[in-house]
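The structure appears below as C-alpha cells.
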Amino acid sequence: MQPLGVNAKDIGIDEERELKLQYDVLNNTYVPSKKEHYSEKEDEFLRHHIDMFCLNSVERKSTQMVKFLRDTIQKEGNYTTVEYNNQVVELFVETILRGKSAKEILKICENLYTYMSLKFHVPK
C-alpha cells in the first residue's frame, strides 16, 4: 500500500507492524492480508483503503488472471507471463506454479478456471 507502505503507527496504533493487502484469487478481490491478525481499527483502515481506491470495482478488476488461466489450459500447462503485464499473474506463477510440471500446472489452472467461470462471468 502506498509507495513506502503503511505502518500501524501511521493510523495511531502503538505497534511496529506493516499493514498489507492480499489478492484473493478465488474471489477476484483485494482483502486485508489473512496472514496477519488485524485489530478492528486496522481492518477498517484497510477496507477503507480498498474502497477509496475502488480496488474491487468492476472497472478496476483485472481480467488478466482469467486470460492467463485460459491461455495456459490451451497450451496444455505450458505458460508465459510476457503477454499479461500483471502483478497478480506474476505472483501466482512465482508462488504457485514455479517448479511444477506442465501436468500439475494444467490441473491447477483447470480447477481455478472452472471455479472462476462458475462464480463470475468470464469474458471470452
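In the C-alpha cells, chains take letters A, B, ... by order of appearance, with residues numbered from 1 within each chain and ligands from 1 in the order shown.
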When DSSP works through the backbone of this structure, what residues of stretch 20-80 of chain A end up as strand (DSSP E), shown as a ChimeraX atom specification? /A:21-24,29-32
Using the chain letters and numbers from this document, which residues of chain A does DSSP assign to alpha helix (DSSP H), as an mmCIF file with all heavy atoms, in the first residue's frame?
data_model
loop_
_atom_site.group_PDB
_atom_site.id
_atom_site.type_symbol
_atom_site.label_atom_id
_atom_site.label_comp_id
_atom_site.auth_asym_id
_atom_site.auth_seq_id
_atom_site.Cartn_x
_atom_site.Cartn_y
_atom_site.Cartn_z
ATOM 1 N N GLU A 40 -9.645 -4.336 14.877
ATOM 2 C CA GLU A 40 -10.808 -3.792 14.170
ATOM 3 C C GLU A 40 -10.447 -2.481 13.469
ATOM 4 O O GLU A 40 -10.853 -2.237 12.332
ATOM 5 C CB GLU A 40 -11.954 -3.568 15.158
ATOM 6 C CG GLU A 40 -13.257 -3.206 14.488
ATOM 7 C CD GLU A 40 -14.405 -3.109 15.466
ATOM 8 O OE1 GLU A 40 -14.455 -3.886 16.430
ATOM 9 O OE2 GLU A 40 -15.261 -2.232 15.251
ATOM 10 N N LYS A 41 -9.648 -1.650 14.134
ATOM 11 C CA LYS A 41 -9.242 -0.361 13.553
ATOM 12 C C LYS A 41 -8.362 -0.571 12.315
ATOM 13 O O LYS A 41 -8.538 0.107 11.304
ATOM 14 C CB LYS A 41 -8.501 0.479 14.596
ATOM 15 C CG LYS A 41 -8.147 1.868 14.112
ATOM 16 C CD LYS A 41 -7.538 2.704 15.218
ATOM 17 C CE LYS A 41 -7.220 4.096 14.715
ATOM 18 N NZ LYS A 41 -6.683 4.962 15.759
ATOM 19 N N GLU A 42 -7.434 -1.510 12.396
ATOM 20 C CA GLU A 42 -6.564 -1.794 11.252
ATOM 21 C C GLU A 42 -7.377 -2.360 10.090
ATOM 22 O O GLU A 42 -7.209 -1.954 8.937
ATOM 23 C CB GLU A 42 -5.473 -2.787 11.655
ATOM 24 C CG GLU A 42 -4.456 -2.213 12.611
ATOM 25 C CD GLU A 42 -3.554 -3.284 13.212
ATOM 26 O OE1 GLU A 42 -4.063 -4.372 13.583
ATOM 27 O OE2 GLU A 42 -2.345 -3.022 13.317
ATOM 28 N N ASP A 43 -8.249 -3.308 10.398
ATOM 29 C CA ASP A 43 -9.087 -3.926 9.375
ATOM 30 C C ASP A 43 -9.969 -2.872 8.697
ATOM 31 O O ASP A 43 -10.089 -2.848 7.473
ATOM 32 C CB ASP A 43 -9.942 -5.031 9.998
ATOM 33 C CG ASP A 43 -10.624 -5.878 8.956
ATOM 34 O OD1 ASP A 43 -9.921 -6.618 8.231
ATOM 35 O OD2 ASP A 43 -11.876 -5.797 8.851
ATOM 36 N N GLU A 44 -10.543 -1.990 9.494
ATOM 37 C CA GLU A 44 -11.381 -0.916 8.963
ATOM 38 C C GLU A 44 -10.572 0.005 8.054
ATOM 39 O O GLU A 44 -11.028 0.410 6.981
ATOM 40 C CB GLU A 44 -11.975 -0.118 10.127
ATOM 41 C CG GLU A 44 -12.975 0.930 9.715
ATOM 42 C CD GLU A 44 -13.542 1.649 10.930
ATOM 43 O OE1 GLU A 44 -14.073 0.967 11.834
ATOM 44 O OE2 GLU A 44 -13.440 2.892 10.966
ATOM 45 N N PHE A 45 -9.348 0.344 8.466
ATOM 46 C CA PHE A 45 -8.477 1.189 7.648
ATOM 47 C C PHE A 45 -8.189 0.524 6.306
ATOM 48 O O PHE A 45 -8.275 1.153 5.253
ATOM 49 C CB PHE A 45 -7.158 1.481 8.379
ATOM 50 C CG PHE A 45 -6.195 2.261 7.547
ATOM 51 C CD1 PHE A 45 -6.266 3.641 7.488
ATOM 52 C CD2 PHE A 45 -5.210 1.613 6.801
ATOM 53 C CE1 PHE A 45 -5.380 4.362 6.701
ATOM 54 C CE2 PHE A 45 -4.325 2.329 6.015
ATOM 55 C CZ PHE A 45 -4.407 3.703 5.965
ATOM 56 N N LEU A 46 -7.857 -0.767 6.337
ATOM 57 C CA LEU A 46 -7.544 -1.492 5.108
ATOM 58 C C LEU A 46 -8.754 -1.577 4.178
ATOM 59 O O LEU A 46 -8.645 -1.365 2.968
ATOM 60 C CB LEU A 46 -7.025 -2.894 5.436
ATOM 61 C CG LEU A 46 -5.639 -2.921 6.078
ATOM 62 C CD1 LEU A 46 -5.361 -4.277 6.701
ATOM 63 C CD2 LEU A 46 -4.573 -2.561 5.059
ATOM 64 N N ARG A 47 -9.905 -1.867 4.728
ATOM 65 C CA ARG A 47 -11.128 -1.941 3.913
ATOM 66 C C ARG A 47 -11.485 -0.569 3.332
ATOM 67 O O ARG A 47 -11.925 -0.463 2.179
ATOM 68 C CB ARG A 47 -12.278 -2.524 4.716
ATOM 69 C CG ARG A 47 -12.059 -4.000 5.004
ATOM 70 C CD ARG A 47 -13.224 -4.670 5.699
ATOM 71 N NE ARG A 47 -12.851 -6.004 6.113
ATOM 72 C CZ ARG A 47 -12.732 -7.055 5.301
ATOM 73 N NH1 ARG A 47 -12.963 -6.917 4.014
ATOM 74 N NH2 ARG A 47 -12.385 -8.242 5.771
ATOM 75 N N HIS A 48 -11.253 0.489 4.126
ATOM 76 C CA HIS A 48 -11.479 1.848 3.625
ATOM 77 C C HIS A 48 -10.531 2.130 2.451
ATOM 78 O O HIS A 48 -10.933 2.732 1.451
ATOM 79 C CB HIS A 48 -11.290 2.876 4.749
ATOM 80 C CG HIS A 48 -11.364 4.282 4.267
ATOM 81 N ND1 HIS A 48 -12.545 4.876 3.871
ATOM 82 C CD2 HIS A 48 -10.400 5.216 4.078
ATOM 83 C CE1 HIS A 48 -12.301 6.104 3.470
ATOM 84 N NE2 HIS A 48 -11.011 6.338 3.596
ATOM 85 N N HIS A 49 -9.296 1.718 2.568
ATOM 86 C CA HIS A 49 -8.307 1.904 1.502
ATOM 87 C C HIS A 49 -8.769 1.194 0.223
ATOM 88 O O HIS A 49 -8.699 1.761 -0.860
ATOM 89 C CB HIS A 49 -6.949 1.355 1.973
ATOM 90 C CG HIS A 49 -5.839 1.603 1.017
ATOM 91 N ND1 HIS A 49 -5.116 2.770 1.005
ATOM 92 C CD2 HIS A 49 -5.328 0.836 0.027
ATOM 93 C CE1 HIS A 49 -4.201 2.704 0.058
ATOM 94 N NE2 HIS A 49 -4.314 1.540 -0.556
ATOM 95 N N ILE A 50 -9.241 -0.033 0.369
ATOM 96 C CA ILE A 50 -9.743 -0.804 -0.782
ATOM 97 C C ILE A 50 -10.907 -0.061 -1.437
ATOM 98 O O ILE A 50 -10.953 0.091 -2.658
ATOM 99 C CB ILE A 50 -10.173 -2.224 -0.343
ATOM 100 C CG1 ILE A 50 -8.941 -3.047 0.043
ATOM 101 C CG2 ILE A 50 -10.963 -2.920 -1.450
ATOM 102 C CD1 ILE A 50 -9.259 -4.344 0.792
ATOM 103 N N ASP A 51 -11.828 0.424 -0.613
ATOM 104 C CA ASP A 51 -12.999 1.147 -1.135
ATOM 105 C C ASP A 51 -12.615 2.491 -1.747
ATOM 106 O O ASP A 51 -13.113 2.862 -2.808
ATOM 107 C CB ASP A 51 -14.035 1.377 -0.027
ATOM 108 C CG ASP A 51 -14.684 0.083 0.433
ATOM 109 O OD1 ASP A 51 -14.590 -0.944 -0.291
ATOM 110 O OD2 ASP A 51 -15.267 0.084 1.538
ATOM 111 N N MET A 52 -11.724 3.224 -1.069
ATOM 112 C CA MET A 52 -11.340 4.553 -1.522
ATOM 113 C C MET A 52 -10.703 4.512 -2.918
ATOM 114 O O MET A 52 -10.950 5.379 -3.747
ATOM 115 C CB MET A 52 -10.357 5.180 -0.515
ATOM 116 C CG MET A 52 -9.965 6.599 -0.854
ATOM 117 S SD MET A 52 -8.994 7.396 0.457
ATOM 118 C CE MET A 52 -7.573 6.358 0.605
ATOM 119 N N GLN A 64 -6.874 -10.230 -16.440
ATOM 120 C CA GLN A 64 -5.638 -10.862 -16.871
ATOM 121 C C GLN A 64 -5.429 -12.245 -16.260
ATOM 122 O O GLN A 64 -4.902 -13.149 -16.912
ATOM 123 C CB GLN A 64 -4.436 -9.970 -16.569
ATOM 124 C CG GLN A 64 -4.440 -8.682 -17.361
ATOM 125 C CD GLN A 64 -4.509 -8.921 -18.851
ATOM 126 O OE1 GLN A 64 -3.657 -9.570 -19.439
ATOM 127 N NE2 GLN A 64 -5.554 -8.413 -19.475
ATOM 128 N N MET A 65 -5.842 -12.445 -15.017
ATOM 129 C CA MET A 65 -5.678 -13.752 -14.381
ATOM 130 C C MET A 65 -6.507 -14.799 -15.106
ATOM 131 O O MET A 65 -6.029 -15.896 -15.393
ATOM 132 C CB MET A 65 -6.076 -13.672 -12.904
ATOM 133 C CG MET A 65 -5.862 -14.961 -12.162
ATOM 134 S SD MET A 65 -4.103 -15.379 -12.095
ATOM 135 C CE MET A 65 -4.179 -16.772 -11.024
ATOM 136 N N VAL A 66 -7.746 -14.460 -15.427
ATOM 137 C CA VAL A 66 -8.620 -15.392 -16.140
ATOM 138 C C VAL A 66 -8.055 -15.684 -17.527
ATOM 139 O O VAL A 66 -8.039 -16.837 -17.969
ATOM 140 C CB VAL A 66 -10.060 -14.832 -16.232
ATOM 141 C CG1 VAL A 66 -10.937 -15.725 -17.092
ATOM 142 C CG2 VAL A 66 -10.645 -14.678 -14.845
ATOM 143 N N LYS A 67 -7.563 -14.654 -18.205
ATOM 144 C CA LYS A 67 -6.949 -14.856 -19.528
ATOM 145 C C LYS A 67 -5.723 -15.760 -19.412
ATOM 146 O O LYS A 67 -5.516 -16.644 -20.245
ATOM 147 C CB LYS A 67 -6.560 -13.520 -20.158
ATOM 148 C CG LYS A 67 -7.748 -12.703 -20.602
ATOM 149 C CD LYS A 67 -7.302 -11.360 -21.153
ATOM 150 C CE LYS A 67 -8.491 -10.496 -21.500
ATOM 151 N NZ LYS A 67 -8.073 -9.169 -21.955
ATOM 152 N N PHE A 68 -4.903 -15.525 -18.378
ATOM 153 C CA PHE A 68 -3.718 -16.356 -18.160
ATOM 154 C C PHE A 68 -4.115 -17.816 -17.963
ATOM 155 O O PHE A 68 -3.519 -18.724 -18.558
ATOM 156 C CB PHE A 68 -2.925 -15.858 -16.947
ATOM 157 C CG PHE A 68 -1.829 -16.794 -16.538
ATOM 158 C CD1 PHE A 68 -0.621 -16.803 -17.212
ATOM 159 C CD2 PHE A 68 -2.007 -17.687 -15.486
ATOM 160 C CE1 PHE A 68 0.390 -17.679 -16.844
ATOM 161 C CE2 PHE A 68 -1.006 -18.561 -15.111
ATOM 162 C CZ PHE A 68 0.195 -18.559 -15.795
ATOM 163 N N LEU A 69 -5.114 -18.064 -17.112
ATOM 164 C CA LEU A 69 -5.567 -19.436 -16.861
ATOM 165 C C LEU A 69 -6.053 -20.092 -18.152
ATOM 166 O O LEU A 69 -5.674 -21.226 -18.473
ATOM 167 C CB LEU A 69 -6.685 -19.450 -15.815
ATOM 168 C CG LEU A 69 -6.301 -19.022 -14.401
ATOM 169 C CD1 LEU A 69 -7.553 -18.864 -13.539
ATOM 170 C CD2 LEU A 69 -5.320 -19.981 -13.767
ATOM 171 N N ARG A 70 -6.902 -19.381 -18.884
ATOM 172 C CA ARG A 70 -7.449 -19.923 -20.139
ATOM 173 C C ARG A 70 -6.327 -20.232 -21.143
ATOM 174 O O ARG A 70 -6.295 -21.306 -21.738
ATOM 175 C CB ARG A 70 -8.449 -18.937 -20.737
ATOM 176 C CG ARG A 70 -9.143 -19.475 -21.982
ATOM 177 C CD ARG A 70 -10.082 -18.461 -22.631
ATOM 178 N NE ARG A 70 -9.335 -17.264 -22.994
ATOM 179 C CZ ARG A 70 -9.736 -16.034 -22.732
ATOM 180 N NH1 ARG A 70 -10.861 -15.805 -22.100
ATOM 181 N NH2 ARG A 70 -9.006 -15.007 -23.104
ATOM 182 N N ASP A 71 -5.396 -19.293 -21.298
ATOM 183 C CA ASP A 71 -4.304 -19.494 -22.242
ATOM 184 C C ASP A 71 -3.397 -20.654 -21.831
ATOM 185 O O ASP A 71 -2.933 -21.425 -22.672
ATOM 186 C CB ASP A 71 -3.472 -18.220 -22.391
ATOM 187 C CG ASP A 71 -4.244 -17.093 -23.061
ATOM 188 O OD1 ASP A 71 -5.342 -17.348 -23.611
ATOM 189 O OD2 ASP A 71 -3.756 -15.947 -23.014
ATOM 190 N N THR A 72 -3.139 -20.780 -20.537
ATOM 191 C CA THR A 72 -2.289 -21.866 -20.034
ATOM 192 C C THR A 72 -2.966 -23.217 -20.249
ATOM 193 O O THR A 72 -2.306 -24.205 -20.587
ATOM 194 C CB THR A 72 -1.944 -21.643 -18.554
ATOM 195 O OG1 THR A 72 -1.268 -20.388 -18.428
ATOM 196 C CG2 THR A 72 -1.039 -22.741 -18.013
ATOM 197 N N ILE A 73 -4.275 -23.265 -20.094
ATOM 198 C CA ILE A 73 -5.027 -24.506 -20.363
ATOM 199 C C ILE A 73 -4.918 -24.850 -21.854
ATOM 200 O O ILE A 73 -4.659 -26.006 -22.213
ATOM 201 C CB ILE A 73 -6.504 -24.359 -19.927
ATOM 202 C CG1 ILE A 73 -6.587 -24.286 -18.403
ATOM 203 C CG2 ILE A 73 -7.349 -25.513 -20.470
ATOM 204 C CD1 ILE A 73 -7.931 -23.816 -17.873
ATOM 205 N N GLN A 74 -5.089 -23.857 -22.710
ATOM 206 C CA GLN A 74 -4.998 -24.086 -24.147
ATOM 207 C C GLN A 74 -3.597 -24.544 -24.562
ATOM 208 O O GLN A 74 -3.442 -25.289 -25.528
ATOM 209 C CB GLN A 74 -5.392 -22.832 -24.922
ATOM 210 C CG GLN A 74 -6.872 -22.533 -24.821
ATOM 211 C CD GLN A 74 -7.252 -21.198 -25.448
ATOM 212 O OE1 GLN A 74 -6.400 -20.385 -25.809
ATOM 213 N NE2 GLN A 74 -8.550 -20.962 -25.578
ATOM 214 N N GLN A 87 0.770 -7.923 -12.082
ATOM 215 C CA GLN A 87 1.470 -8.376 -10.879
ATOM 216 C C GLN A 87 0.810 -9.598 -10.257
ATOM 217 O O GLN A 87 1.488 -10.481 -9.748
ATOM 218 C CB GLN A 87 1.561 -7.256 -9.851
ATOM 219 C CG GLN A 87 2.423 -7.649 -8.668
ATOM 220 C CD GLN A 87 2.570 -6.543 -7.648
ATOM 221 O OE1 GLN A 87 1.809 -5.594 -7.638
ATOM 222 N NE2 GLN A 87 3.562 -6.669 -6.798
ATOM 223 N N VAL A 88 -0.511 -9.689 -10.297
ATOM 224 C CA VAL A 88 -1.200 -10.837 -9.722
ATOM 225 C C VAL A 88 -0.796 -12.110 -10.470
ATOM 226 O O VAL A 88 -0.507 -13.141 -9.856
ATOM 227 C CB VAL A 88 -2.736 -10.640 -9.728
ATOM 228 C CG1 VAL A 88 -3.452 -11.912 -9.340
ATOM 229 C CG2 VAL A 88 -3.119 -9.504 -8.796
ATOM 230 N N VAL A 89 -0.743 -12.042 -11.787
ATOM 231 C CA VAL A 89 -0.313 -13.204 -12.584
ATOM 232 C C VAL A 89 1.122 -13.570 -12.239
ATOM 233 O O VAL A 89 1.437 -14.739 -12.025
ATOM 234 C CB VAL A 89 -0.470 -12.931 -14.102
ATOM 235 C CG1 VAL A 89 0.181 -14.036 -14.925
ATOM 236 C CG2 VAL A 89 -1.934 -12.777 -14.475
ATOM 237 N N GLU A 90 1.985 -12.570 -12.152
ATOM 238 C CA GLU A 90 3.390 -12.831 -11.829
ATOM 239 C C GLU A 90 3.539 -13.489 -10.456
ATOM 240 O O GLU A 90 4.309 -14.441 -10.295
ATOM 241 C CB GLU A 90 4.204 -11.538 -11.890
ATOM 242 C CG GLU A 90 4.354 -11.000 -13.294
ATOM 243 C CD GLU A 90 5.007 -9.628 -13.344
ATOM 244 O OE1 GLU A 90 5.642 -9.221 -12.350
ATOM 245 O OE2 GLU A 90 4.879 -8.970 -14.381
ATOM 246 N N LEU A 91 2.808 -12.990 -9.460
ATOM 247 C CA LEU A 91 2.871 -13.574 -8.115
ATOM 248 C C LEU A 91 2.291 -14.992 -8.101
ATOM 249 O O LEU A 91 2.812 -15.870 -7.412
ATOM 250 C CB LEU A 91 2.123 -12.693 -7.112
ATOM 251 C CG LEU A 91 2.798 -11.378 -6.769
ATOM 252 C CD1 LEU A 91 1.857 -10.486 -5.957
ATOM 253 C CD2 LEU A 91 4.098 -11.612 -6.013
ATOM 254 N N PHE A 92 1.231 -15.217 -8.842
ATOM 255 C CA PHE A 92 0.620 -16.545 -8.941
ATOM 256 C C PHE A 92 1.634 -17.546 -9.512
ATOM 257 O O PHE A 92 1.815 -18.635 -8.971
ATOM 258 C CB PHE A 92 -0.631 -16.471 -9.828
ATOM 259 C CG PHE A 92 -1.308 -17.791 -10.033
ATOM 260 C CD1 PHE A 92 -2.012 -18.389 -9.000
ATOM 261 C CD2 PHE A 92 -1.264 -18.423 -11.263
ATOM 262 C CE1 PHE A 92 -2.648 -19.617 -9.191
ATOM 263 C CE2 PHE A 92 -1.893 -19.632 -11.463
ATOM 264 C CZ PHE A 92 -2.584 -20.231 -10.421
ATOM 265 N N ALA A 102 4.110 -29.499 -16.252
ATOM 266 C CA ALA A 102 3.013 -28.999 -17.084
ATOM 267 C C ALA A 102 1.702 -29.686 -16.715
ATOM 268 O O ALA A 102 0.641 -29.047 -16.691
ATOM 269 C CB ALA A 102 3.328 -29.211 -18.563
ATOM 270 N N LYS A 103 1.761 -30.956 -16.359
ATOM 271 C CA LYS A 103 0.554 -31.702 -15.975
ATOM 272 C C LYS A 103 -0.042 -31.128 -14.682
ATOM 273 O O LYS A 103 -1.257 -30.937 -14.576
ATOM 274 C CB LYS A 103 0.897 -33.183 -15.794
ATOM 275 C CG LYS A 103 -0.288 -34.060 -15.509
ATOM 276 C CD LYS A 103 0.117 -35.519 -15.413
ATOM 277 C CE LYS A 103 -1.096 -36.391 -15.104
ATOM 278 N NZ LYS A 103 -0.736 -37.806 -15.034
ATOM 279 N N GLU A 104 0.805 -30.827 -13.689
ATOM 280 C CA GLU A 104 0.338 -30.244 -12.429
ATOM 281 C C GLU A 104 -0.223 -28.838 -12.654
ATOM 282 O O GLU A 104 -1.266 -28.482 -12.096
ATOM 283 C CB GLU A 104 1.478 -30.170 -11.412
ATOM 284 C CG GLU A 104 1.963 -31.510 -10.915
ATOM 285 C CD GLU A 104 3.235 -31.385 -10.086
ATOM 286 O OE1 GLU A 104 4.217 -30.774 -10.569
ATOM 287 O OE2 GLU A 104 3.241 -31.892 -8.950
ATOM 288 N N ILE A 105 0.468 -28.072 -13.482
ATOM 289 C CA ILE A 105 0.032 -26.706 -13.789
ATOM 290 C C ILE A 105 -1.321 -26.730 -14.489
ATOM 291 O O ILE A 105 -2.222 -25.959 -14.158
ATOM 292 C CB ILE A 105 1.092 -25.978 -14.645
ATOM 293 C CG1 ILE A 105 2.340 -25.720 -13.793
ATOM 294 C CG2 ILE A 105 0.537 -24.690 -15.249
ATOM 295 C CD1 ILE A 105 3.552 -25.285 -14.578
ATOM 296 N N LEU A 106 -1.474 -27.635 -15.435
ATOM 297 C CA LEU A 106 -2.734 -27.762 -16.162
ATOM 298 C C LEU A 106 -3.884 -28.056 -15.200
ATOM 299 O O LEU A 106 -4.950 -27.435 -15.278
ATOM 300 C CB LEU A 106 -2.627 -28.855 -17.233
ATOM 301 C CG LEU A 106 -3.868 -29.097 -18.080
ATOM 302 C CD1 LEU A 106 -4.260 -27.836 -18.831
ATOM 303 C CD2 LEU A 106 -3.624 -30.251 -19.054
ATOM 304 N N LYS A 107 -3.666 -28.962 -14.267
ATOM 305 C CA LYS A 107 -4.710 -29.322 -13.304
ATOM 306 C C LYS A 107 -5.096 -28.125 -12.430
ATOM 307 O O LYS A 107 -6.282 -27.856 -12.213
ATOM 308 C CB LYS A 107 -4.250 -30.490 -12.437
ATOM 309 C CG LYS A 107 -5.319 -31.004 -11.499
ATOM 310 C CD LYS A 107 -4.865 -32.223 -10.746
ATOM 311 C CE LYS A 107 -5.990 -32.697 -9.832
ATOM 312 N NZ LYS A 107 -5.635 -33.894 -9.107
ATOM 313 N N ILE A 108 -4.100 -27.403 -11.920
ATOM 314 C CA ILE A 108 -4.355 -26.223 -11.094
ATOM 315 C C ILE A 108 -5.150 -25.187 -11.886
ATOM 316 O O ILE A 108 -6.163 -24.656 -11.412
ATOM 317 C CB ILE A 108 -3.032 -25.610 -10.580
ATOM 318 C CG1 ILE A 108 -2.369 -26.544 -9.570
ATOM 319 C CG2 ILE A 108 -3.260 -24.223 -9.973
ATOM 320 C CD1 ILE A 108 -0.936 -26.181 -9.244
ATOM 321 N N CYS A 109 -4.705 -24.907 -13.110
ATOM 322 C CA CYS A 109 -5.350 -23.885 -13.930
ATOM 323 C C CYS A 109 -6.770 -24.295 -14.327
ATOM 324 O O CYS A 109 -7.681 -23.463 -14.322
ATOM 325 C CB CYS A 109 -4.504 -23.568 -15.156
ATOM 326 S SG CYS A 109 -2.972 -22.690 -14.740
ATOM 327 N N GLU A 110 -6.970 -25.556 -14.642
ATOM 328 C CA GLU A 110 -8.315 -26.034 -14.988
ATOM 329 C C GLU A 110 -9.268 -25.881 -13.803
ATOM 330 O O GLU A 110 -10.401 -25.427 -13.966
ATOM 331 C CB GLU A 110 -8.278 -27.500 -15.429
ATOM 332 C CG GLU A 110 -7.729 -27.699 -16.819
ATOM 333 C CD GLU A 110 -7.581 -29.162 -17.199
ATOM 334 O OE1 GLU A 110 -7.453 -30.030 -16.289
ATOM 335 O OE2 GLU A 110 -7.577 -29.445 -18.408
ATOM 336 N N ASN A 111 -8.803 -26.256 -12.618
ATOM 337 C CA ASN A 111 -9.648 -26.145 -11.426
ATOM 338 C C ASN A 111 -10.007 -24.686 -11.134
ATOM 339 O O ASN A 111 -11.162 -24.366 -10.858
ATOM 340 C CB ASN A 111 -8.974 -26.780 -10.212
ATOM 341 C CG ASN A 111 -8.962 -28.288 -10.285
ATOM 342 O OD1 ASN A 111 -9.781 -28.911 -10.941
ATOM 343 N ND2 ASN A 111 -8.003 -28.899 -9.610
ATOM 344 N N LEU A 112 -9.014 -23.804 -11.168
ATOM 345 C CA LEU A 112 -9.272 -22.386 -10.909
ATOM 346 C C LEU A 112 -10.172 -21.777 -11.972
ATOM 347 O O LEU A 112 -11.100 -21.025 -11.659
ATOM 348 C CB LEU A 112 -7.962 -21.600 -10.859
ATOM 349 C CG LEU A 112 -7.271 -21.503 -9.526
ATOM 350 C CD1 LEU A 112 -5.933 -20.789 -9.671
ATOM 351 C CD2 LEU A 112 -8.126 -20.791 -8.512
ATOM 352 N N TYR A 113 -9.901 -22.092 -13.217
ATOM 353 C CA TYR A 113 -10.690 -21.522 -14.312
ATOM 354 C C TYR A 113 -12.141 -21.985 -14.222
ATOM 355 O O TYR A 113 -13.065 -21.190 -14.396
ATOM 356 C CB TYR A 113 -10.081 -21.893 -15.663
ATOM 357 C CG TYR A 113 -10.761 -21.215 -16.818
ATOM 358 C CD1 TYR A 113 -10.497 -19.880 -17.114
ATOM 359 C CD2 TYR A 113 -11.676 -21.890 -17.610
ATOM 360 C CE1 TYR A 113 -11.120 -19.241 -18.167
ATOM 361 C CE2 TYR A 113 -12.312 -21.251 -18.666
ATOM 362 C CZ TYR A 113 -12.023 -19.934 -18.944
ATOM 363 O OH TYR A 113 -12.649 -19.293 -19.991
ATOM 364 N N THR A 114 -12.346 -23.253 -13.921
ATOM 365 C CA THR A 114 -13.706 -23.779 -13.777
ATOM 366 C C THR A 114 -14.423 -23.076 -12.641
ATOM 367 O O THR A 114 -15.559 -22.627 -12.784
ATOM 368 C CB THR A 114 -13.675 -25.304 -13.532
ATOM 369 O OG1 THR A 114 -13.035 -25.931 -14.642
ATOM 370 C CG2 THR A 114 -15.073 -25.866 -13.354
ATOM 371 N N TYR A 115 -13.755 -22.951 -11.499
ATOM 372 C CA TYR A 115 -14.348 -22.279 -10.337
ATOM 373 C C TYR A 115 -14.713 -20.838 -10.686
ATOM 374 O O TYR A 115 -15.827 -20.383 -10.415
ATOM 375 C CB TYR A 115 -13.387 -22.318 -9.150
ATOM 376 C CG TYR A 115 -13.913 -21.597 -7.943
ATOM 377 C CD1 TYR A 115 -14.770 -22.236 -7.051
ATOM 378 C CD2 TYR A 115 -13.565 -20.270 -7.697
ATOM 379 C CE1 TYR A 115 -15.269 -21.564 -5.940
ATOM 380 C CE2 TYR A 115 -14.058 -19.592 -6.592
ATOM 381 C CZ TYR A 115 -14.903 -20.252 -5.717
ATOM 382 O OH TYR A 115 -15.399 -19.578 -4.632
ATOM 383 N N MET A 116 -13.771 -20.126 -11.287
ATOM 384 C CA MET A 116 -13.990 -18.716 -11.605
ATOM 385 C C MET A 116 -15.077 -18.565 -12.674
ATOM 386 O O MET A 116 -15.862 -17.620 -12.629
ATOM 387 C CB MET A 116 -12.695 -18.056 -12.034
ATOM 388 C CG MET A 116 -11.681 -17.944 -10.903
ATOM 389 S SD MET A 116 -10.096 -17.327 -11.459
ATOM 390 C CE MET A 116 -10.258 -15.627 -10.964
ATOM 391 N N SER A 117 -15.138 -19.479 -13.610
ATOM 392 C CA SER A 117 -16.164 -19.411 -14.666
ATOM 393 C C SER A 117 -17.550 -19.618 -14.084
ATOM 394 O O SER A 117 -18.522 -19.000 -14.530
ATOM 395 C CB SER A 117 -15.907 -20.478 -15.733
ATOM 396 O OG SER A 117 -14.697 -20.218 -16.387
ATOM 397 N N LEU A 118 -17.662 -20.496 -13.108
ATOM 398 C CA LEU A 118 -18.961 -20.738 -12.475
ATOM 399 C C LEU A 118 -19.379 -19.583 -11.570
ATOM 400 O O LEU A 118 -20.548 -19.240 -11.491
ATOM 401 C CB LEU A 118 -18.927 -22.037 -11.670
ATOM 402 C CG LEU A 118 -18.814 -23.314 -12.482
ATOM 403 C CD1 LEU A 118 -18.593 -24.512 -11.562
ATOM 404 C CD2 LEU A 118 -20.045 -23.528 -13.342
ATOM 405 N N LYS A 119 -18.408 -18.984 -10.903
ATOM 406 C CA LYS A 119 -18.714 -17.945 -9.920
ATOM 407 C C LYS A 119 -18.888 -16.564 -10.567
ATOM 408 O O LYS A 119 -19.683 -15.756 -10.118
ATOM 409 C CB LYS A 119 -17.599 -17.886 -8.872
ATOM 410 C CG LYS A 119 -17.940 -16.977 -7.734
ATOM 411 C CD LYS A 119 -17.065 -17.210 -6.559
ATOM 412 C CE LYS A 119 -17.531 -16.290 -5.449
ATOM 413 N NZ LYS A 119 -17.113 -16.662 -4.173
#
For the atom pair atom CA of A:Leu21 and atom CA of A:Ser33, what is the interatomic distance in Å to one decimal place? 4.8 Å
Let me make sure I understand: among A:Lys61, A:His37, A:Lys20, A:Arg98, which one has the smallest atom-to-atom distance to A:Tyr79 if we use only C-alpha atoms? A:Arg98
Go through A:Asp14, A:Thr81, A:Asn56, A:Asn86 one by one, measure the shortest atom-to-atom distance of each to A:Tyr30 using only C-alpha atoms, and give the residue with the smallest value. A:Asn56
Proximity to A:Arg60 - best of A:Thr29, A:Gly12, A:Glu18, A:Leu97, only C-alpha atoms: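 Distance minimum relative to A:Arg60 lands on A:Thr29.
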Quick one: of A:Thr80, A:Asn28, A:Ser39, A:Asn85, who's nearest to A:Glu15, counting only C-alpha atoms?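 Once distances to A:Glu15 are computed over only C-alpha atoms, the minimum belongs to A:Ser39.
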Length of the atom CA of A:Glu36 to atom CA of A:Phe53 vector [Å]: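 Here the two named atoms are 21.6 Å from each other.
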Do you have the atom CA of A:Val6-atom CA of A:Gln22 distance handy?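 The value is 14.0 Å.
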